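The structure file data-v4.cif is reproduced below (mmCIF, C-alpha atoms).
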data_start
#
loop_
_atom_site.label_atom_id
_atom_site.label_comp_id
_atom_site.auth_asym_id
_atom_site.auth_seq_id
_atom_site.Cartn_x
_atom_site.Cartn_y
_atom_site.Cartn_z
CA MET B 941 0.00 0.00 0.00
CA SER B 942 1.37 3.41 -0.90
CA SER B 943 2.24 6.08 1.67
CA TYR B 944 -0.48 8.20 0.03
CA SER B 945 -3.21 5.70 0.88
CA LEU B 946 -1.76 5.11 4.34
CA THR B 947 -2.07 8.84 5.04
CA ARG B 948 -5.61 8.83 3.76
CA GLN B 949 -6.39 5.75 5.81
CA ALA B 950 -5.14 7.47 8.96
CA ALA B 951 -7.23 10.56 8.19
CA PHE B 952 -10.24 8.32 7.53
CA ARG B 953 -9.81 6.61 10.91
CA ALA B 954 -9.45 9.96 12.66
CA ALA B 955 -12.64 11.29 11.05
CA ARG B 956 -14.52 8.17 12.12
CA ALA B 957 -13.15 8.34 15.64
CA ALA B 958 -14.27 11.98 15.86
CA GLY B 959 -17.77 10.95 14.70
CA GLU B 960 -17.64 13.20 11.63
CA ILE B 961 -18.30 10.35 9.24
CA LYS B 962 -20.11 7.04 9.67
CA VAL B 963 -19.54 3.85 7.74
CA TRP B 964 -22.63 2.50 5.98
CA GLN B 965 -23.55 -0.99 7.11
CA PRO B 966 -25.45 -2.80 4.35
CA ILE B 967 -28.92 -3.97 5.22
CA LEU B 968 -28.72 -6.58 2.49
CA LYS B 969 -25.61 -8.58 3.28
CA GLY B 970 -23.54 -9.45 0.29
CA ALA B 971 -20.90 -12.04 -0.32
CA ALA B 972 -18.21 -9.53 0.46
CA ALA B 973 -17.88 -6.07 1.94
CA ARG B 974 -15.17 -5.08 -0.50
CA ARG B 975 -15.87 -1.39 -0.53
CA ILE B 976 -16.50 1.26 2.09
CA LEU B 977 -19.21 3.88 1.91
CA ALA B 978 -18.77 6.53 4.57
CA LEU B 979 -21.29 9.30 4.96
CA ASP B 980 -21.12 12.68 6.58
CA GLU B 981 -22.71 12.36 10.02
CA ASP B 982 -25.80 14.43 9.13
CA LEU B 983 -26.35 12.58 5.87
CA TYR B 984 -26.05 9.23 7.62
CA ALA B 985 -28.67 10.27 10.19
CA ARG B 986 -30.96 11.48 7.42
CA LEU B 987 -30.73 8.18 5.56
CA ALA B 988 -31.02 6.01 8.65
CA ASN B 989 -34.48 7.31 9.58
CA PRO B 990 -37.74 6.88 7.64
CA TRP B 991 -38.78 9.75 5.40
CA GLY B 992 -42.44 9.13 5.76
CA ASP B 993 -45.19 6.56 5.65
CA PRO B 994 -44.03 3.17 4.22
CA ASP B 995 -46.39 3.73 1.29
CA SER B 996 -45.11 7.21 0.50
CA ASP B 997 -43.00 8.12 -2.54
CA LEU B 998 -40.38 9.67 -0.29
CA GLU B 999 -39.86 6.50 1.72
CA ALA B 1000 -39.68 4.52 -1.55
CA LEU B 1001 -36.91 6.86 -2.71
CA ARG B 1002 -35.04 6.31 0.56
CA GLN B 1003 -35.22 2.56 -0.04
CA GLU B 1004 -33.78 3.05 -3.54
CA ILE B 1005 -30.92 5.09 -2.12
CA MET B 1006 -30.17 2.52 0.58
CA ALA B 1007 -30.21 -0.29 -2.00
CA ALA B 1008 -27.65 1.62 -4.09
CA CYS B 1009 -25.50 2.12 -0.97
CA ASP B 1010 -25.64 -1.62 -0.25
CA ALA B 1011 -24.79 -2.50 -3.86
CA PHE B 1012 -21.71 -0.28 -3.73
CA VAL B 1013 -20.45 -1.80 -0.46
CA ASN B 1014 -21.19 -5.35 -1.61
CA ASP B 1015 -19.37 -4.71 -4.91
CA THR B 1016 -22.27 -6.02 -6.97
CA ILE B 1017 -22.06 -3.31 -9.59
CA ALA B 1018 -19.36 -1.64 -11.68
CA LEU B 1019 -18.32 1.81 -10.45
CA ARG B 1020 -19.13 3.32 -13.83
CA ALA B 1021 -22.76 2.25 -13.52
CA LEU B 1022 -23.13 3.89 -10.13
CA PHE B 1023 -20.97 7.03 -10.33
CA ASP B 1024 -20.12 9.94 -12.57
CA GLU B 1025 -17.32 12.38 -11.93
CA ILE B 1026 -18.77 15.88 -11.82
CA GLY B 1027 -15.98 17.96 -10.32
CA GLY B 1028 -13.22 17.80 -12.93
CA ARG B 1029 -9.78 18.04 -11.35
CA LEU B 1030 -11.37 18.43 -7.91
CA GLY B 1031 -12.34 14.77 -8.17
CA VAL B 1032 -15.87 15.31 -6.83
CA ALA B 1033 -18.20 12.48 -7.89
CA GLU B 1034 -21.90 11.68 -7.65
CA MET B 1035 -23.49 8.37 -6.77
CA LYS B 1036 -26.47 7.98 -9.09
CA ILE B 1037 -29.81 6.77 -7.85
CA LEU B 1038 -31.70 6.78 -11.11
CA ALA B 1039 -35.12 5.55 -10.14
CA PRO B 1040 -37.83 6.42 -9.39
CA ASP B 1041 -37.45 9.31 -11.77
CA PRO B 1042 -36.07 11.90 -11.06
CA GLY B 1043 -33.95 9.94 -8.57
CA ALA B 1044 -31.28 11.37 -6.32
CA ARG B 1045 -27.53 11.88 -6.09
CA ILE B 1046 -25.07 11.46 -3.23
CA ILE B 1047 -22.27 13.96 -3.78
CA GLY B 1048 -18.81 13.20 -2.42
CA GLY B 1049 -15.43 11.86 -3.41
CA PHE B 1050 -13.22 8.79 -3.49
CA LEU B 1051 -10.34 8.41 -1.02
CA HIS B 1052 -9.37 5.17 -2.72
CA GLU B 1053 -10.77 3.02 -5.53
CA THR B 1054 -12.86 1.21 -2.92
CA VAL B 1055 -13.66 4.03 -0.50
CA PHE B 1056 -16.28 6.69 -1.23
CA VAL B 1057 -17.29 9.42 1.19
CA GLY B 1058 -20.66 11.06 0.64
CA CYS B 1059 -21.15 14.61 1.88
CA SER B 1060 -24.60 15.60 0.67
CA LEU B 1061 -27.74 14.18 -0.84
CA LEU B 1062 -29.87 15.98 -3.37
CA ARG B 1063 -32.84 14.95 -5.45
CA ARG B 1064 -31.92 15.07 -9.10
CA ASP B 1065 -34.45 17.82 -9.74
CA GLU B 1066 -32.73 19.93 -7.08
CA LEU B 1067 -29.55 19.78 -9.16
CA PRO B 1068 -28.84 22.07 -12.07
CA TYR B 1069 -29.37 19.77 -15.04
CA LYS B 1070 -32.20 18.72 -17.19
CA ARG B 1071 -32.77 15.58 -19.18
CA ASN B 1072 -31.11 17.14 -22.24
CA GLY B 1073 -28.02 18.09 -20.25
CA ASP B 1074 -28.78 21.81 -20.12
CA GLN B 1075 -28.55 23.65 -16.85
CA THR B 1076 -31.82 24.53 -15.19
CA THR B 1077 -32.50 27.83 -13.54
CA HIS B 1078 -34.54 26.44 -10.66
CA ALA B 1079 -31.92 24.24 -8.98
CA LEU B 1080 -31.10 24.63 -5.31
CA ILE B 1081 -27.40 24.95 -6.03
CA ASP B 1082 -25.12 25.52 -9.03
CA TRP B 1083 -22.44 23.05 -10.06
CA GLU B 1084 -19.50 25.25 -9.20
CA THR B 1085 -20.71 25.88 -5.64
CA LEU B 1086 -21.61 22.23 -5.16
CA ASN B 1087 -18.21 21.02 -6.36
CA ARG B 1088 -16.28 23.63 -4.41
CA THR B 1089 -18.13 23.08 -1.11
CA THR B 1090 -17.85 19.29 -1.45
CA ALA B 1091 -14.12 19.45 -2.16
CA LYS B 1092 -13.66 21.85 0.76
CA ARG B 1093 -15.53 19.57 3.17
CA LEU B 1094 -13.49 16.55 2.04
CA SER B 1095 -10.21 18.41 2.43
CA GLU B 1096 -11.25 19.52 5.94
CA LEU B 1097 -11.84 15.89 6.83
CA PHE B 1098 -9.01 14.15 5.02
CA GLY B 1099 -6.36 16.69 4.12
CA GLU B 1100 -5.32 18.53 1.01
CA GLU B 1101 -4.13 15.63 -1.17
CA PRO B 1102 -6.20 15.29 -4.35
CA LEU B 1103 -9.12 12.91 -4.26
CA TYR B 1104 -8.77 9.56 -5.99
CA ARG B 1105 -10.26 9.64 -9.49
CA PRO B 1106 -11.32 6.16 -10.70
CA LEU B 1107 -10.40 5.90 -14.36
CA SER B 1108 -13.58 4.08 -15.30
CA LEU B 1109 -15.91 6.93 -14.33
CA ARG B 1110 -17.55 9.06 -16.96
CA ARG B 1111 -16.12 12.57 -16.74
CA ARG B 1112 -19.34 14.46 -17.08
CA GLN B 1113 -18.90 18.16 -17.60
CA PRO B 1114 -21.79 19.93 -15.90
CA MET L 1467 -52.34 -11.42 5.29
CA THR L 1468 -50.72 -7.99 5.49
CA MET L 1469 -50.08 -6.29 2.21
CA LEU L 1470 -46.49 -5.25 1.61
CA SER L 1471 -45.77 -1.54 1.76
CA LYS L 1472 -44.59 0.41 -1.25
CA ALA L 1473 -41.22 0.84 0.49
CA GLU L 1474 -40.76 -2.92 0.90
CA VAL L 1475 -41.64 -3.67 -2.72
CA THR L 1476 -39.46 -0.82 -3.97
CA ARG L 1477 -36.50 -2.13 -2.00
CA ALA L 1478 -36.88 -5.64 -3.42
CA LYS L 1479 -37.27 -4.31 -6.96
CA THR L 1480 -34.18 -2.12 -6.63
CA ASP L 1481 -32.06 -4.89 -5.12
CA THR L 1482 -33.07 -7.14 -8.01
CA ARG L 1483 -32.31 -4.54 -10.66
CA LEU L 1484 -28.95 -3.69 -9.08
CA ALA L 1485 -27.94 -7.34 -8.73
CA ILE L 1486 -28.73 -8.34 -12.30
CA ILE L 1487 -27.72 -5.17 -14.12
CA GLY L 1488 -24.75 -4.85 -11.76
CA ALA L 1489 -23.54 -8.30 -12.81
CA VAL L 1490 -23.80 -7.32 -16.48
CA THR L 1491 -21.83 -4.10 -15.87
CA LYS L 1492 -19.12 -6.04 -14.06
CA LEU L 1493 -18.98 -8.55 -16.89
CA TYR L 1494 -18.50 -5.65 -19.30
CA GLU L 1495 -15.59 -4.38 -17.17
CA TYR L 1496 -14.04 -7.81 -17.45
CA VAL L 1497 -14.51 -8.37 -21.18
CA SER L 1498 -13.44 -4.84 -22.05
CA ALA L 1499 -10.18 -5.35 -20.15
CA ALA L 1500 -9.54 -8.98 -21.05
CA HIS L 1501 -10.87 -9.07 -24.60
CA SER L 1502 -10.72 -5.42 -25.68
CA LEU L 1503 -14.43 -5.51 -26.36
CA ASN L 1504 -15.55 -1.90 -26.23
CA GLN L 1505 -18.98 -0.32 -26.42
CA SER L 1506 -18.63 0.44 -30.13
CA ARG L 1507 -18.04 -3.23 -30.94
CA ILE L 1508 -20.98 -4.27 -28.77
CA ALA L 1509 -23.13 -1.70 -30.54
CA ASP L 1510 -21.95 -2.93 -33.95
CA ARG L 1511 -22.72 -6.52 -33.04
CA LEU L 1512 -26.25 -5.59 -32.00
CA GLY L 1513 -26.86 -3.07 -34.76
CA VAL L 1514 -27.59 -0.23 -32.33
CA SER L 1515 -25.89 3.07 -31.57
CA ARG L 1516 -22.88 3.30 -29.25
CA SER L 1517 -24.69 5.94 -27.17
CA HIS L 1518 -27.49 3.44 -26.51
CA ILE L 1519 -24.99 0.91 -25.15
CA SER L 1520 -23.21 3.60 -23.17
CA GLN L 1521 -26.48 4.69 -21.62
CA LEU L 1522 -27.37 1.13 -20.66
CA LEU L 1523 -24.00 0.35 -19.10
CA SER L 1524 -23.86 3.56 -17.11
CA GLY L 1525 -27.13 3.28 -15.30
CA PRO L 1526 -29.16 0.52 -13.65
CA GLY L 1527 -32.21 2.76 -13.61
CA HIS L 1528 -32.35 3.05 -17.37
CA LYS L 1529 -35.88 2.27 -18.45
CA ASN L 1530 -34.71 0.38 -21.54
CA TRP L 1531 -33.38 -2.53 -19.45
CA THR L 1532 -35.45 -5.65 -19.98
CA LEU L 1533 -34.67 -9.36 -19.79
CA ASP L 1534 -34.20 -9.25 -23.55
CA THR L 1535 -31.73 -6.38 -23.18
CA ILE L 1536 -29.69 -8.53 -20.84
CA GLY L 1537 -29.81 -11.44 -23.28
CA GLU L 1538 -28.70 -9.21 -26.15
CA LEU L 1539 -25.79 -7.76 -24.18
CA LEU L 1540 -24.70 -11.24 -23.11
CA ALA L 1541 -24.86 -12.35 -26.75
CA ALA L 1542 -22.70 -9.39 -27.80
CA MET L 1543 -20.20 -10.16 -25.02
CA ASN L 1544 -20.33 -13.88 -25.83
CA ALA L 1545 -21.34 -14.67 -22.26
CA ARG L 1546 -23.99 -16.66 -20.44
CA ILE L 1547 -25.47 -16.87 -16.95
CA THR L 1548 -23.86 -19.89 -15.32
CA ARG L 1549 -25.36 -19.72 -11.87
CA LEU L 1550 -28.30 -17.91 -10.32
CA GLU L 1551 -28.74 -18.07 -6.58
CA ILE L 1552 -31.76 -16.61 -4.81
CA LYS L 1553 -32.19 -16.93 -1.06
CA PRO L 1554 -34.69 -15.83 1.58
CA VAL L 1555 -33.29 -12.59 3.03
CA ASP L 1556 -32.91 -14.02 6.54
CA GLU L 1557 -30.79 -16.87 5.17
CA ILE L 1558 -28.25 -14.63 3.47
CA SER L 1559 -24.96 -15.04 5.29
CA PRO L 1560 -23.17 -11.89 6.39
CA ALA L 1561 -20.01 -10.99 4.55
CA ASN L 1562 -16.88 -12.44 6.05
CA GLU L 1563 -14.52 -10.42 3.89
CA ILE L 1564 -13.47 -7.25 5.65
CA HIS L 1565 -12.09 -4.19 3.93
CA PRO L 1566 -8.51 -3.53 5.10
CA TRP L 1567 -9.42 -0.05 6.33
CA LEU L 1568 -11.99 -1.61 8.70
CA GLU L 1569 -9.90 -4.45 10.06
CA SER L 1570 -9.67 -2.84 13.49
CA ASP L 1571 -13.50 -2.93 13.62
CA ALA L 1572 -13.45 -6.68 13.03
CA ARG L 1573 -11.04 -7.20 15.91
CA THR L 1574 -13.29 -5.13 18.17
CA VAL L 1575 -16.38 -7.11 17.20
CA LEU L 1576 -14.66 -10.42 17.77
CA SER L 1577 -13.47 -9.30 21.16
CA SER L 1578 -16.78 -7.75 22.30
CA ASN L 1579 -18.83 -10.71 21.08
CA ALA L 1580 -16.52 -13.09 22.87
CA VAL L 1581 -18.11 -16.45 23.51
CA THR L 1582 -16.51 -18.79 25.94
CA ILE L 1583 -16.90 -22.51 25.84
CA ASP L 1584 -15.58 -23.15 29.32
CA GLY L 1585 -17.66 -20.48 31.05
CA SER L 1586 -14.71 -18.18 31.74
CA ASN L 1587 -14.45 -14.61 30.57
CA ARG L 1588 -11.43 -15.34 28.45
CA PRO L 1589 -11.84 -13.42 25.22
CA LEU L 1590 -12.22 -15.37 22.04
CA THR L 1591 -9.57 -14.62 19.48
CA GLY L 1592 -9.14 -15.76 15.93
CA THR L 1593 -10.61 -15.16 12.53
CA VAL L 1594 -14.13 -15.50 11.23
CA PRO L 1595 -14.49 -19.10 10.08
CA SER L 1596 -14.57 -19.45 6.34
CA SER L 1597 -17.55 -21.76 6.58
CA THR L 1598 -19.75 -18.72 7.24
CA ALA L 1599 -19.01 -17.39 3.79
CA PRO L 1600 -21.80 -17.61 1.25
CA THR L 1601 -21.01 -20.05 -1.47
CA SER L 1602 -21.68 -17.65 -4.30
CA SER L 1603 -22.73 -14.19 -5.20
CA ARG L 1604 -26.28 -13.72 -6.30
CA LEU L 1605 -25.65 -13.93 -9.98
CA GLU L 1606 -22.68 -15.23 -11.87
CA LEU L 1607 -22.05 -14.50 -15.50
CA GLU L 1608 -19.29 -16.07 -17.46
CA SER L 1609 -17.63 -14.99 -20.63
CA VAL L 1610 -17.36 -17.89 -23.03
CA MET L 1611 -14.74 -16.22 -25.21
#
Would you encode the structure as structure tokens?
Amino acid sequence: MSSYSLTRQAAFRAARAAGEIKVWQPILKGAAARRILALDEDLYARLANPWGDPDSDLEALRQEIMAACDAFVNDTIALRALFDEIGGRLGVAEMKILAPDPGARIIGGFLHETVFVGCSLLRRDELPYKRNGDQTTHALIDWETLNRTTAKRLSELFGEEPLYRPLSLRRRQP
Amino acid sequence: MTMLSKAEVTRAKTDTRLAIIGAVTKLYEYVSAAHSLNQSRIADRLGVSRSHISQLLSGPGHKNWTLDTIGELLAAMNARITRLEIKPVDEISPANEIHPWLESDARTVLSSNAVTIDGSNRPLTGTVPSSTAPTSSRLELESVM
């Protein structure tokens, strides 16, 4: 293991020990927990509690998100099918929850090929893109702010070294 | 009998979609690395556009995924399903493979869940027995190239 990943590993452990991130424990146990999904403390708490009545659309969306989290940890799906890189050289990436339309995105970054840290969760229609790829004017946040604040949060937690950028991810230019 | 909630059904549907489409996406990773089979060649073999294949392989939520889509992609990648394992949820064994960054957690769990055979408080040490490992993943695809 390189000294780079050892440094990141130490920073990861420190952030966990301080309670700033929490490691996602899959509800559906897979054959192997080959990857780590860590979530910002607030995001973890948001996902861990029901979003409404079990028959509501919101709770169904939460189940979709949790299933995607489990699939990542259990390594049942290729990274490319679950993530896009949205932050260019910053290395910020989004985990895609594509259904039910419009789905949702967990925004964060990779510390290692197998370790993703999610900082925020947004419904797709809260993000500044439309089906045709154009930017919308009604989004809660613009891409530049989203990428910058995510990169800043990750550097606060894990240091200034660049985030890991898996080669297989689509480099989507917002 | 109690009717399942929308959340329960959604979860099962998503797990199923992610398992099956996930296995196809992982197969594509393998054949593209091992056999240089890229999306353009898959598209050519199926007589569809490369962007259609790209869209399929980059999203399990894509509405165009059907059982026939899976069969077509497997044909283009010269692959077949060789094993399909479906289990009741409460019979799925927990993972016994631990990510290296979480190995200290595993030691803590083993120590705090210590079981003694002789009635003493002596902590149990050792590794998780391999017999607890599931015998297969949920879906196995094999390239026949």
For this session: Using only C-alpha atoms, find the residues of chain B whose closest atom to chain L is at most 7 Å away, then write them as an NGL selection string.
Result: :B and (949 or 969-975 or 994-995 or 999-1000 or 1003-1004 or 1007 or 1011 or 1016-1018 or 1020-1022 or 1038-1039)
Is it possible to get the axis-aligned box enclosing stretch 965-970 of chain B (all listed atoms, 8 Å extra per side) as AutoDock Vina command-line options, with centre and edge lengths in Å rounded to one decimal?
--center_x -26.2 --center_y -5.2 --center_z 3.7 --size_x 21.4 --size_y 24.5 --size_z 22.8
Please expand the PyMOL selection byres ((chain L and resi 1541) around 12) into the concrete residues it hits in this file, giving the result as an mmCIF file with C-alpha atoms, keeping the file's coordinate frame.
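Saved result, result.cif, follows:
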data_model
loop_
_atom_site.group_PDB
_atom_site.id
_atom_site.type_symbol
_atom_site.label_atom_id
_atom_site.label_comp_id
_atom_site.auth_asym_id
_atom_site.auth_seq_id
_atom_site.Cartn_x
_atom_site.Cartn_y
_atom_site.Cartn_z
ATOM 1 C CA VAL L 1490 -23.800 -7.320 -16.480
ATOM 2 C CA TYR L 1494 -18.500 -5.650 -19.300
ATOM 3 C CA ILE L 1508 -20.980 -4.270 -28.770
ATOM 4 C CA ALA L 1509 -23.130 -1.700 -30.540
ATOM 5 C CA ARG L 1511 -22.720 -6.520 -33.040
ATOM 6 C CA LEU L 1512 -26.250 -5.590 -32.000
ATOM 7 C CA ASP L 1534 -34.200 -9.250 -23.550
ATOM 8 C CA THR L 1535 -31.730 -6.380 -23.180
ATOM 9 C CA ILE L 1536 -29.690 -8.530 -20.840
ATOM 10 C CA GLY L 1537 -29.810 -11.440 -23.280
ATOM 11 C CA GLU L 1538 -28.700 -9.210 -26.150
ATOM 12 C CA LEU L 1539 -25.790 -7.760 -24.180
ATOM 13 C CA LEU L 1540 -24.700 -11.240 -23.110
ATOM 14 C CA ALA L 1542 -22.700 -9.390 -27.800
ATOM 15 C CA MET L 1543 -20.200 -10.160 -25.020
ATOM 16 C CA ASN L 1544 -20.330 -13.880 -25.830
ATOM 17 C CA ALA L 1545 -21.340 -14.670 -22.260
ATOM 18 C CA ARG L 1546 -23.990 -16.660 -20.440
ATOM 19 C CA ILE L 1547 -25.470 -16.870 -16.950
ATOM 20 C CA LEU L 1607 -22.050 -14.500 -15.500
ATOM 21 C CA GLU L 1608 -19.290 -16.070 -17.460
ATOM 22 C CA SER L 1609 -17.630 -14.990 -20.630
ATOM 23 C CA VAL L 1610 -17.360 -17.890 -23.030
ATOM 24 C CA MET L 1611 -14.740 -16.220 -25.210
#
Between L:Asp1571, L:Glu1551, L:Glu1606, L:Asp1510, smallest distance to B:Arg956 by all atoms listed in the file belongs to L:Asp1571
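Between atom CA of B:Met1035 and atom CA of B:Ser996 the separation is 22.8 Å.
When only C-alpha atoms are used to measure the gap to B:Arg1105, the shortest distance among B:Asp1041, B:Glu1034, B:Asp982, B:Glu1066 belongs to B:Glu1034.
Run against this file, the PyMOL selection byres ((chain B and resi 1054) around 8) gives back Arg974, Arg975, Ile976, Phe1050, Leu1051, His1052, Glu1053, Val1055 and Phe1056 of chain B.
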Give me, as a short mmCIF file (atom, residue, chain, number, x, y, z; two decimals) with C-alpha atoms, keeping the file's coordinate frame, all polymer residues having an atom no more than 12 Å from B:Arg986, counting all atoms listed in the file and skipping those fewer than 3 positions away in the same chain.
data_model
loop_
_atom_site.label_atom_id
_atom_site.label_comp_id
_atom_site.auth_asym_id
_atom_site.auth_seq_id
_atom_site.Cartn_x
_atom_site.Cartn_y
_atom_site.Cartn_z
CA LYS B 962 -20.11 7.04 9.67
CA LEU B 979 -21.29 9.30 4.96
CA ASP B 980 -21.12 12.68 6.58
CA GLU B 981 -22.71 12.36 10.02
CA ASP B 982 -25.80 14.43 9.13
CA LEU B 983 -26.35 12.58 5.87
CA ASN B 989 -34.48 7.31 9.58
CA PRO B 990 -37.74 6.88 7.64
CA TRP B 991 -38.78 9.75 5.40
CA GLY B 992 -42.44 9.13 5.76
CA GLU B 999 -39.86 6.50 1.72
CA ARG B 1002 -35.04 6.31 0.56
CA ILE B 1005 -30.92 5.09 -2.12
CA MET B 1006 -30.17 2.52 0.58
CA CYS B 1059 -21.15 14.61 1.88
CA SER B 1060 -24.60 15.60 0.67
CA LEU B 1061 -27.74 14.18 -0.84
CA LEU B 1062 -29.87 15.98 -3.37
#
Which polymer residues, protein or nucleic acid, are no farther than 9 Å from (-16.5, 15.3, -4.5), counting only C-alpha atoms, as a compact mmCIF listing (two decimals) with C-alpha atoms, in the coordinates of the input?
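Writing the result to out.txt gives the following:
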# COMPACT_ATOMS: atom_id res chain seq x y z
CA GLU B 1025 -17.32 12.38 -11.93
CA ILE B 1026 -18.77 15.88 -11.82
CA GLY B 1027 -15.98 17.96 -10.32
CA LEU B 1030 -11.37 18.43 -7.91
CA GLY B 1031 -12.34 14.77 -8.17
CA VAL B 1032 -15.87 15.31 -6.83
CA ALA B 1033 -18.20 12.48 -7.89
CA GLU B 1034 -21.90 11.68 -7.65
CA ILE B 1047 -22.27 13.96 -3.78
CA GLY B 1048 -18.81 13.20 -2.42
CA GLY B 1049 -15.43 11.86 -3.41
CA PHE B 1050 -13.22 8.79 -3.49
CA VAL B 1057 -17.29 9.42 1.19
CA GLY B 1058 -20.66 11.06 0.64
CA CYS B 1059 -21.15 14.61 1.88
CA LEU B 1086 -21.61 22.23 -5.16
CA ASN B 1087 -18.21 21.02 -6.36
CA ARG B 1088 -16.28 23.63 -4.41
CA THR B 1089 -18.13 23.08 -1.11
CA THR B 1090 -17.85 19.29 -1.45
CA ALA B 1091 -14.12 19.45 -2.16
CA LYS B 1092 -13.66 21.85 0.76
CA ARG B 1093 -15.53 19.57 3.17
CA LEU B 1094 -13.49 16.55 2.04
CA LEU B 1103 -9.12 12.91 -4.26
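Here atom CA of L:Glu1569 is placed at a distance of 17.0 Å from atom CA of B:Ile961.
Nearest to B:Thr1085 of all the residues B:Leu1109, B:Ala954, B:Leu1067, B:Leu1019 is B:Leu1067, based on only C-alpha atoms.
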What separates atom CA of L:Pro1554 and atom CA of B:Ala985 is a distance of 28.1 Å
Counting all atoms listed in the file, the residue among B:Ala1079, B:Leu977, B:Ala955, B:Leu987 that lies closest to B:Leu1001 is B:Leu987
